[in-house]
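Data file: coords-v4.txt. Format and content: compact mmCIF, C-alpha atoms and all ligand atoms.
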# COMPACT_ATOMS: atom_id res chain seq x y z
CA MET A 402 84.95 159.18 90.43
CA GLU A 403 83.75 155.74 91.43
CA ASP A 404 84.20 152.84 89.12
CA LYS A 405 80.80 151.20 89.19
CA SER A 406 82.10 148.17 87.31
CA LYS A 407 84.07 147.41 90.50
CA ILE A 408 81.04 145.88 92.08
CA THR A 409 78.94 143.29 90.36
CA MET A 410 75.25 143.87 90.61
CA GLN A 411 72.95 140.90 90.35
CA GLN A 412 69.46 142.08 89.69
CA GLN A 413 66.55 139.73 89.94
CA GLU A 414 65.80 138.25 86.57
CA ASN A 415 62.56 139.05 84.81
CA ASN A 416 61.47 135.47 84.30
CA GLY A 417 61.93 134.30 87.88
CA GLN A 418 62.13 135.29 91.50
CA SER A 419 65.08 135.03 93.87
CA PHE A 420 64.87 134.36 97.58
CA PHE A 421 67.73 134.39 100.05
CA PHE A 422 68.11 132.36 103.23
CA LEU A 423 70.33 133.23 106.20
CA LEU A 424 71.79 129.96 107.45
CA SER A 425 72.71 129.20 111.04
CA GLY A 426 76.36 129.91 111.86
CA GLU A 427 76.78 126.86 114.17
CA ASN A 428 77.54 124.42 111.37
CA PRO A 429 77.22 126.23 108.02
CA GLU A 430 78.28 123.23 105.89
CA LEU A 431 75.60 121.08 107.48
CA ALA A 432 73.09 123.91 107.05
CA VAL A 433 73.86 124.12 103.32
CA PHE A 434 73.53 120.37 102.91
CA GLU A 435 70.22 120.35 104.80
CA LEU A 436 68.70 123.01 102.55
CA GLU A 437 70.08 121.35 99.40
CA SER A 438 68.57 118.03 100.54
CA ILE A 439 65.13 119.55 101.13
CA VAL A 440 65.29 121.31 97.77
CA SER A 441 66.08 117.99 96.08
CA ALA A 442 63.01 116.49 97.78
CA LEU A 443 60.95 119.10 95.90
CA ASN A 444 61.79 117.37 92.63
CA ILE A 445 61.73 120.57 90.60
CA PRO A 446 64.77 122.30 89.15
CA VAL A 447 65.75 125.21 91.39
CA GLU A 448 69.02 127.08 91.01
CA LEU A 449 71.04 127.57 94.22
CA ARG A 450 73.84 130.10 94.74
CA ILE A 451 75.83 129.66 97.94
CA SER A 452 77.99 132.41 99.45
CA PRO A 453 81.67 131.44 99.96
CA ASP A 454 81.24 131.34 103.76
CA ASN A 455 78.16 129.05 103.47
CA ARG A 456 76.00 131.56 105.37
CA VAL A 457 73.65 132.78 102.63
CA ILE A 458 71.90 130.76 99.93
CA VAL A 459 70.04 132.39 97.09
CA ILE A 460 67.37 130.30 95.41
CA GLN A 461 66.28 131.26 91.96
CA ILE A 462 62.85 129.91 91.08
CA GLU A 463 61.58 130.03 87.55
CA THR A 464 57.92 129.69 88.33
CA LYS A 465 56.71 130.03 84.73
CA LYS A 466 58.22 126.66 83.86
CA GLN A 467 57.10 124.93 87.06
CA ASN A 468 53.41 125.74 87.21
CA ILE A 469 53.80 126.21 90.94
CA LEU A 470 53.87 129.37 93.02
CA SER A 471 57.26 130.42 94.35
CA SER A 472 55.58 131.32 97.65
CA ASP A 473 54.42 127.68 97.99
CA ILE A 474 57.97 126.45 97.41
CA ILE A 475 59.43 128.82 100.00
CA SER A 476 56.73 127.94 102.50
CA PHE A 477 57.47 124.19 101.97
CA LEU A 478 61.19 124.79 102.58
CA MET A 479 60.64 127.02 105.61
CA LYS A 480 58.28 124.53 107.28
CA ARG A 481 60.94 121.82 107.08
CA VAL A 482 64.32 123.44 107.48
CA THR A 483 66.03 123.64 110.90
CA LEU A 484 69.36 125.36 110.22
CA VAL A 485 68.00 128.55 108.64
CA HIS A 486 67.11 131.72 110.54
CA PHE A 487 64.88 133.42 107.94
CA SER A 488 64.09 133.77 104.25
CA CYS A 489 63.58 136.95 102.23
CA LYS A 490 62.31 137.77 98.77
CA GLN A 491 65.38 139.34 97.20
CA LEU A 492 65.18 142.92 95.95
CA PHE A 493 68.85 143.27 95.04
CA GLN A 494 72.23 141.77 95.76
CA ILE A 495 75.78 143.04 95.52
CA ASP A 496 78.77 140.75 95.28
CA PHE A 497 81.96 142.01 97.01
CA THR A 498 84.14 139.01 96.24
CA GLN A 499 86.43 140.79 93.81
CA PHE A 500 86.08 144.44 94.76
CA PRO A 501 84.98 145.11 98.33
CA PRO A 502 83.56 148.62 98.82
CA GLN A 503 85.79 151.02 100.75
CA SER A 504 83.16 153.33 102.19
CA LEU A 505 79.45 153.55 102.87
CA GLN A 506 79.07 155.86 99.89
CA ASP A 507 80.96 153.43 97.69
CA LEU A 508 78.53 150.75 98.83
CA THR A 509 75.24 152.63 98.54
CA SER A 510 76.08 154.12 95.13
CA ASN A 511 75.75 150.61 93.73
CA PHE A 512 72.32 149.86 95.16
CA ASP A 513 69.65 149.02 92.65
CA THR A 514 66.51 150.51 94.16
CA SER A 515 64.42 150.31 90.97
CA THR A 516 62.19 147.51 92.36
CA PHE A 517 61.23 149.66 95.37
CA CYS A 518 58.52 151.33 93.23
CA ASP A 519 56.71 147.98 93.01
CA LEU A 520 56.42 147.53 96.77
CA MET A 521 52.99 147.48 98.36
CA PRO A 522 51.80 151.09 98.94
CA ASN A 523 50.12 152.40 102.13
CA THR A 524 51.90 150.02 104.47
CA SER A 525 54.24 150.51 107.39
CA PHE A 526 57.66 148.91 107.36
CA SER A 527 60.96 148.49 109.16
CA VAL A 528 64.49 147.91 107.88
CA PHE A 529 67.04 145.88 109.80
CA THR A 530 70.67 145.20 108.87
CA LYS A 531 72.40 142.02 110.03
CA ARG A 532 76.16 141.92 109.86
CA ILE A 533 77.71 138.44 109.63
CA GLY A 534 81.26 137.09 109.72
CA GLU A 535 84.47 139.07 109.83
CA PRO A 536 84.28 142.82 109.24
CA ILE A 537 85.65 144.44 106.10
CA GLU A 538 86.79 148.02 105.59
CA VAL A 539 83.30 149.37 105.08
CA HIS A 540 82.06 147.58 108.22
CA LYS A 541 84.35 149.56 110.50
CA PRO A 542 82.10 152.44 111.55
CA ARG A 543 80.13 151.10 114.50
CA SER A 544 76.95 152.77 113.39
CA LEU A 545 77.22 151.30 109.90
CA THR A 546 74.29 148.90 110.25
CA GLN A 547 72.03 151.70 111.50
CA ALA A 548 73.21 154.07 108.76
CA LEU A 549 72.57 151.41 106.15
CA SER A 550 69.08 150.61 107.46
CA ARG A 551 68.24 154.32 107.57
CA TYR A 552 69.54 154.84 104.02
CA LEU A 553 67.49 151.93 102.67
CA GLY A 554 64.38 153.14 104.56
CA THR A 555 64.74 156.60 103.05
CA GLN A 556 65.10 155.11 99.55
CA ILE A 557 61.93 153.04 100.03
CA ILE A 558 59.95 156.15 101.05
CA GLN A 559 61.40 158.19 98.19
CA LYS A 560 60.23 155.59 95.66
CA ASN A 561 57.01 154.90 97.46
CA PRO A 562 55.86 157.97 99.45
CA THR A 563 52.70 156.31 100.81
CA LYS A 564 54.80 153.95 102.96
CA TRP A 565 55.96 154.90 106.45
CA VAL A 566 58.41 153.55 109.01
CA ASP A 567 57.15 151.73 112.09
CA LEU A 568 59.93 149.99 114.00
CA GLU A 569 57.61 148.63 116.71
CA ASN A 570 54.90 146.91 114.74
CA PRO A 571 55.63 147.07 111.01
CA GLN A 572 53.35 145.46 108.41
CA GLU A 573 56.39 144.63 106.27
CA GLN A 574 59.96 143.92 107.29
CA PHE A 575 62.98 144.48 105.09
CA ILE A 576 66.34 142.95 105.92
CA SER A 577 69.83 143.50 104.59
CA ILE A 578 72.59 141.01 105.28
CA LEU A 579 76.09 142.41 105.12
CA SER A 580 79.19 140.22 105.02
CA LYS A 581 82.65 140.45 103.54
CA HIS A 582 81.28 138.55 100.55
CA GLY A 583 78.37 140.78 99.70
CA LEU A 584 75.10 142.42 100.57
CA TRP A 585 71.65 140.91 100.16
CA PHE A 586 68.56 143.05 100.54
CA GLY A 587 64.99 141.82 100.53
CA GLN A 588 61.59 141.59 102.13
CA LEU A 589 61.17 139.10 104.96
CA VAL A 590 59.04 136.10 103.99
CA SER A 591 59.25 134.16 107.25
CA HIS A 592 61.39 132.98 110.11
CA SER A 593 62.05 129.23 110.28
CA LEU A 594 60.26 127.08 112.84
CA ARG A 595 63.52 126.19 114.63
CA LYS A 596 62.44 127.88 117.88
CA ASN A 597 59.17 125.90 117.94
CA VAL A 598 61.08 122.67 117.33
CA GLN A 599 63.58 123.53 120.09
CA GLN A 600 60.72 124.03 122.53
CA ARG A 601 59.57 120.43 121.99
CA ALA A 602 62.25 119.17 124.37
CA ALA A 603 62.39 115.38 124.81
CA HIS A 604 61.79 115.64 128.59
CA LYS A 605 58.35 117.20 127.96
CA ARG A 606 57.06 113.96 126.34
CA PRO A 607 54.99 111.42 128.33
CA PHE A 608 57.98 109.05 128.31
CA PHE A 609 61.54 110.32 128.65
CA HIS A 610 64.73 108.33 128.28
CA PRO A 611 68.13 109.99 128.89
CA SER A 612 69.40 108.68 125.54
CA SER A 613 66.84 110.82 123.65
CA MET A 614 68.31 113.13 121.08
CA ASN A 615 67.22 116.77 120.82
CA PRO A 616 64.27 117.22 118.44
CA LEU A 617 66.01 119.87 116.32
CA LEU A 618 68.84 117.50 115.39
CA GLN A 619 66.37 114.65 114.80
CA ARG A 620 64.51 116.88 112.35
CA THR A 621 67.76 117.95 110.66
CA MET A 622 68.64 114.26 110.22
CA VAL A 623 65.22 113.52 108.70
CA ASN A 624 65.75 116.41 106.26
CA LEU A 625 69.22 115.12 105.29
CA THR A 626 67.60 111.98 103.84
CA ALA A 627 65.95 114.20 101.17
CA ILE A 628 62.76 112.22 101.81
CA LYS A 629 59.60 113.37 100.09
CA THR A 630 56.22 113.81 101.76
CA GLY A 631 54.34 110.49 101.59
CA GLU A 632 57.50 108.31 101.54
CA TRP A 633 58.46 105.94 104.37
CA LEU A 634 61.38 106.39 106.74
CA LEU A 635 62.98 103.75 108.99
CA ASP A 636 64.64 104.28 112.37
CA PRO A 637 66.10 100.86 113.27
CA PHE A 638 67.23 101.94 116.80
CA CYS A 639 64.24 104.18 117.51
CA GLY A 640 64.43 104.47 121.31
CA ALA A 641 61.70 106.76 122.66
CA GLY A 642 60.65 107.70 119.11
CA GLY A 643 62.26 111.15 118.64
CA ALA A 644 62.97 110.77 114.90
CA LEU A 645 59.52 109.28 114.25
CA LEU A 646 57.83 112.24 115.95
CA GLU A 647 59.77 114.78 113.89
CA ALA A 648 59.19 112.85 110.65
CA ALA A 649 55.44 112.81 111.35
CA ARG A 650 55.40 116.59 111.77
CA LEU A 651 56.78 116.81 108.23
CA GLY A 652 54.03 114.54 106.92
CA ILE A 653 56.38 111.56 106.58
CA HIS A 654 55.34 108.00 107.43
CA SER A 655 57.84 106.07 109.52
CA ILE A 656 58.66 102.74 111.12
CA GLY A 657 60.66 102.42 114.31
CA VAL A 658 62.41 99.25 115.49
CA GLU A 659 63.39 98.91 119.15
CA ILE A 660 64.72 95.92 121.07
CA ASN A 661 64.02 97.07 124.63
CA ARG A 662 60.49 96.25 125.82
CA LYS A 663 60.28 99.12 128.34
CA ILE A 664 61.58 101.68 125.85
CA ILE A 665 59.29 100.61 123.00
CA TRP A 666 56.35 100.91 125.39
CA GLY A 667 57.57 104.45 126.16
CA ALA A 668 57.83 105.21 122.43
CA TYR A 669 54.27 103.96 122.01
CA GLN A 670 53.09 106.37 124.73
CA ASN A 671 54.94 109.27 123.05
CA LEU A 672 53.50 108.55 119.61
CA LYS A 673 49.99 107.98 120.94
CA ALA A 674 50.06 111.38 122.68
CA ASP A 675 50.79 113.09 119.37
CA LYS A 676 47.76 113.21 117.04
CA ILE A 677 49.77 113.35 113.81
CA ALA A 678 52.39 110.78 114.80
CA ASN A 679 49.70 108.39 115.97
CA ASP A 680 48.48 108.08 112.36
CA LEU A 681 51.80 108.14 110.53
CA THR A 682 54.06 105.86 112.56
CA HIS A 683 54.49 102.15 113.25
CA LEU A 684 56.58 100.43 115.89
CA ILE A 685 58.22 97.01 115.69
CA PHE A 686 59.54 95.25 118.76
CA GLY A 687 62.62 93.64 117.26
CA ASP A 688 66.29 93.61 116.41
CA ALA A 689 67.85 96.04 113.93
CA THR A 690 70.23 93.30 112.78
CA GLN A 691 67.35 91.01 111.78
CA LEU A 692 64.90 92.96 109.66
CA SER A 693 62.18 91.49 107.49
CA PHE A 694 61.28 94.22 104.99
CA LYS A 695 60.95 93.73 101.24
CA LYS A 696 64.16 94.05 99.18
CA GLY A 697 64.68 97.56 97.82
CA SER A 698 61.72 98.95 99.78
CA ILE A 699 63.46 101.46 102.07
CA SER A 700 64.38 104.90 100.73
CA ALA A 701 65.38 106.67 103.94
CA VAL A 702 66.99 105.62 107.20
CA VAL A 703 67.64 107.94 110.12
CA THR A 704 69.22 106.61 113.25
CA ASP A 705 70.92 107.42 116.49
CA PRO A 706 72.18 103.99 117.63
CA PRO A 707 73.11 103.13 121.24
CA TYR A 708 76.61 104.26 122.22
CA GLY A 709 76.76 101.84 125.15
CA THR A 710 76.52 104.63 127.76
CA ALA A 711 73.01 106.12 128.24
CA SER A 712 71.56 103.40 125.98
CA SER A 713 72.61 99.78 125.94
CA THR A 714 74.15 97.84 123.05
CA ARG A 715 73.08 94.70 124.96
CA GLY A 716 76.64 93.54 125.40
CA PHE A 717 77.61 93.95 121.74
CA ASP A 718 80.58 95.97 120.65
CA LEU A 719 79.07 99.10 119.03
CA GLN A 720 81.18 98.67 115.90
CA ASP A 721 80.10 95.02 115.46
CA LEU A 722 76.45 95.95 116.07
CA LEU A 723 76.57 98.71 113.45
CA LEU A 724 78.32 96.56 110.84
CA ALA A 725 75.77 93.78 111.38
CA PHE A 726 72.97 96.32 110.93
CA PHE A 727 74.46 97.77 107.72
CA ARG A 728 74.92 94.30 106.19
CA GLU A 729 71.29 93.59 107.02
CA ILE A 730 69.94 96.86 105.60
CA ARG A 731 71.93 97.00 102.33
CA PRO A 732 69.66 94.72 100.23
CA LEU A 733 66.58 96.45 101.62
CA LEU A 734 67.57 99.91 100.39
CA SER A 735 66.12 101.35 97.22
CA PRO A 736 68.29 103.02 94.56
CA LYS A 737 69.00 106.64 95.59
CA ALA A 738 68.21 105.86 99.24
CA ARG A 739 69.98 107.84 101.95
CA VAL A 740 71.10 106.60 105.35
CA VAL A 741 71.76 109.22 108.03
CA ILE A 742 73.42 108.13 111.25
CA ALA A 743 74.83 109.97 114.29
CA ILE A 744 77.71 108.28 116.14
CA PRO A 745 80.61 109.39 118.36
CA SER A 746 83.37 110.87 116.20
CA LYS A 747 86.01 108.56 117.66
CA ILE A 748 84.38 105.50 116.10
CA GLU A 749 86.32 104.94 112.90
CA ILE A 750 83.83 103.02 110.87
CA ASP A 751 82.87 105.42 108.07
CA GLU A 752 84.81 103.71 105.27
CA GLN A 753 83.67 100.24 106.29
CA ILE A 754 80.02 101.34 106.18
CA ALA A 755 80.57 103.05 102.81
CA GLN A 756 82.01 99.80 101.45
CA ILE A 757 79.15 97.67 102.73
CA LEU A 758 76.59 100.09 101.29
CA ASN A 759 78.68 100.77 98.20
CA ALA A 760 77.75 104.39 98.79
CA SER A 761 79.33 107.83 98.75
CA TYR A 762 79.09 109.77 101.99
CA ARG A 763 79.38 113.16 103.68
CA LYS A 764 80.56 113.70 107.25
CA PHE A 765 79.64 116.58 109.60
CA LEU A 766 81.09 116.99 113.09
CA GLN A 767 79.03 118.30 115.97
CA TYR A 768 80.36 119.22 119.41
CA VAL A 769 78.00 117.95 122.13
CA HIS A 770 80.01 118.32 125.36
CA ARG A 771 83.59 117.93 126.60
CA SER A 772 83.64 114.17 126.26
CA LEU A 773 81.45 113.78 123.17
CA THR A 774 81.82 115.07 119.63
CA ARG A 775 79.33 113.44 117.36
CA LYS A 776 79.60 112.87 113.65
CA ILE A 777 76.63 112.82 111.37
CA LEU A 778 77.23 110.58 108.38
CA VAL A 779 75.02 110.76 105.31
CA PHE A 780 75.38 107.80 102.94
CA SER A 781 73.90 108.11 99.46
CA ILE A 782 73.15 104.92 97.56
CA PRO A 783 73.83 105.18 93.81
CA LYS A 784 70.91 105.52 91.42
CA ARG A 785 71.36 102.04 89.99
CA PRO A 786 71.55 99.07 92.32
CA SER A 787 75.13 97.88 92.55
CA LYS A 788 76.77 94.66 93.64
CA ILE A 789 76.01 93.87 97.24
CA GLN A 790 79.04 92.84 99.29
C1 LIG A 801 70.33 106.25 121.45
S1 LIG A 801 68.86 105.36 121.60
C2 LIG A 801 67.80 106.12 120.42
C3 LIG A 801 67.24 107.40 120.91
C4 LIG A 801 66.22 108.01 120.00
N1 LIG A 801 66.85 108.57 118.82
C5 LIG A 801 65.42 109.10 120.72
O1 LIG A 801 65.66 110.30 120.51
O2 LIG A 801 64.57 108.71 121.53
C6 LIG A 801 69.25 103.82 120.88
C7 LIG A 801 68.22 102.73 121.11
O3 LIG A 801 68.63 101.53 120.39
C8 LIG A 801 68.10 100.40 121.11
N2 LIG A 801 68.81 99.18 120.65
C9 LIG A 801 69.97 98.65 121.08
N3 LIG A 801 70.28 97.54 120.35
C10 LIG A 801 69.28 97.37 119.46
C11 LIG A 801 69.03 96.42 118.41
N4 LIG A 801 69.86 95.43 118.15
N5 LIG A 801 67.91 96.56 117.68
C12 LIG A 801 67.04 97.58 117.91
N6 LIG A 801 67.20 98.50 118.88
C13 LIG A 801 68.32 98.41 119.64
C14 LIG A 801 68.36 100.78 122.55
O4 LIG A 801 67.51 100.04 123.41
C15 LIG A 801 68.06 102.29 122.55
O5 LIG A 801 66.74 102.55 122.94

Could you write out this file's structure as structure tokens?
Amino acid sequence: MEDKSKITMQQQENNGQSFFFLLSGENPELAVFELESIVSALNIPVELRISPDNRVIVIQIETKKQNILSSDIISFLMKRVTLVHFSCKQLFQIDFTQFPPQSLQDLTSNFDTSTFCDLMPNTSFSVFTKRIGEPIEVHKPRSLTQALSRYLGTQIIQKNPTKWVDLENPQEQFISILSKHGLWFGQLVSHSLRKNVQQRAAHKRPFFHPSSMNPLLQRTMVNLTAIKTGEWLLDPFCGAGGALLEAARLGIHSIGVEINRKIIWGAYQNLKADKIANDLTHLIFGDATQLSFKKGSISAVVTDPPYGTASSTRGFDLQDLLLAFFREIRPLLSPKARVVIAIPSKIEIDEQIAQILNASYRKFLQYVHRSLTRKILVFSIPKRPSKIQ
């Protein structure tokens, strides 16, 4: 006899809807922080549950209280996020943390298929199982993912006999994610736009500079600021305009500052060639260490400063240049502002910046190539303005 209490079943609650997101495995901690930051930009209370390996996030949306459709929220998140593969409307979830199932039968006997009756009738569908992370006992049979997909497909048809399987061109897609931490099953809502963003390579723009960062990371950095649509973002070392272009695609206004005449002309060409960016961005030919914005007016900064290799620091030591910039920017930041910066990991300046900004910070490492590991630092200014050093 199986002990069903062994496995915790989390059914979707009646007063809300749950969605799960499969995060990219390259840098799961960064992926979690990106999604959390975008959710906070929504400004509505949404409950997040994160799997222990940081690969799956479940978002519980209580739409009744929000007066907003959950599908609109998910579509907002999916249009912005870069480190998510896809999102699904959750049909059921099983948590294995305490009692991992020992066999396929052990696993399937705990499935809650009651919601399958409510699925759209007369439509074709497919079921796909994605296995992530290390295998557990039940993962061992090689054909497990196929057996699981087949089992779930059969259950859907049993509950809803007007539906049929079409693996080539299904009208609906169902996905189960299987890891050592649990199983999530749901209906695909959408894939993220990460492939589209990746295709916008910097070398395809009218002006290319070798120091340009890849657009996917630029967009991730914009998201990490938790900026809301309609707010302004500053890139004080804007180069060819990569961050400004990605911000514009998210409906965010931005200002770029650049000291090199040839490069700012190139940035101008890049922004002009992009209909959306042309309207939402401004360029300033100037020095990031001498800014003339209003005090407390900047709520988000994203920057990829020169490292002194592909892009010049104009003879300044990178550390001195950065410290001068952070002293300059501190009084200009608004309460709750975020500053996101990418620098080589060997530059030990994190604490000094945190002190100047009087901010807490998170650090994420990213391998670029043999001689460069980058760190992405996200500084969060406290809600209330504090003493400026
Ligand atoms: C790494 S690049 C930025 C690349 C940009 N993120 C992109 O993807 O196109 C850094 C830029 O900072 C500029 N720069 C160097 N010192 C500066 C300063 N004091 N003020 C403003 N810009 C500066 C350099 O000319 C260079 O174009």

Surroundings of ligand LIG 801 (chain A) up to 7 Å, based on all atoms listed in the file, as a count of residues only: 32

Around (65.2, 122.2, 105.4) in the file's frame, which residues reach within 9 Å when counting only C-alpha atoms? Return as a short mmCIF file (atom, residue, chain, number, x, y, z; two decimals) with C-alpha atoms, in the frame of the given file?
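Saved result, part21.cif, follows:
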data_model
loop_
_atom_site.label_atom_id
_atom_site.label_comp_id
_atom_site.auth_asym_id
_atom_site.auth_seq_id
_atom_site.Cartn_x
_atom_site.Cartn_y
_atom_site.Cartn_z
CA ALA A 432 73.09 123.91 107.05
CA PHE A 434 73.53 120.37 102.91
CA GLU A 435 70.22 120.35 104.80
CA LEU A 436 68.70 123.01 102.55
CA GLU A 437 70.08 121.35 99.40
CA SER A 438 68.57 118.03 100.54
CA ILE A 439 65.13 119.55 101.13
CA VAL A 440 65.29 121.31 97.77
CA PHE A 477 57.47 124.19 101.97
CA LEU A 478 61.19 124.79 102.58
CA MET A 479 60.64 127.02 105.61
CA LYS A 480 58.28 124.53 107.28
CA ARG A 481 60.94 121.82 107.08
CA VAL A 482 64.32 123.44 107.48
CA THR A 483 66.03 123.64 110.90
CA LEU A 484 69.36 125.36 110.22
CA VAL A 485 68.00 128.55 108.64
CA ARG A 620 64.51 116.88 112.35
CA THR A 621 67.76 117.95 110.66
CA ASN A 624 65.75 116.41 106.26
CA LEU A 625 69.22 115.12 105.29
#

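Taking atom CA of Asp636 of chain A as the reference point, atom CA of Ser655 of chain A is found at 7.6 Å.
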
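Minimum atom-to-atom distances from A:Thr630, A:Arg606, A:Ile757, A:Ala701 to Ala668 of chain A were compared using all atoms listed in the file, and the lowest value belongs to A:Arg606.
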
Residue with smallest distance to Lys629 of chain A - pool A:Leu773, A:Ala738, A:Ile730, A:Ile469, counting only C-alpha atoms: A:Ala738

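Interatomic distance, atom CA of Thr498 of chain A against atom CA of Glu463 of chain A: 25.8 Å.
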
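The shortest atom-to-atom distance to Cys489 of chain A, with all atoms listed in the file taken into account, belongs to A:Gly587 out of A:Pro616, A:Pro501, A:Gly417, A:Gly587.
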
Within 12 Å of Leu758 of chain A using all atoms listed in the file, minus same-chain residues under 4 positions, as a PyMOL selection string: chain A and resi 724-740+751-754+762+779-783+786-790

Quick one: what's the axis-aligned box for segment 517-524 of chain A, all listed atoms, 8 Å on every side, centre and edges in Å to one decimal, as lines of an AutoDock Vina configuration file?
center_x = 55.7
center_y = 149.9
center_z = 98.7
size_x = 27.1
size_y = 20.9
size_z = 27.5

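Our summary of the geometry notes that atom CA of Leu778 of chain A is positioned 14.2 Å from atom CA of Asn759 of chain A.
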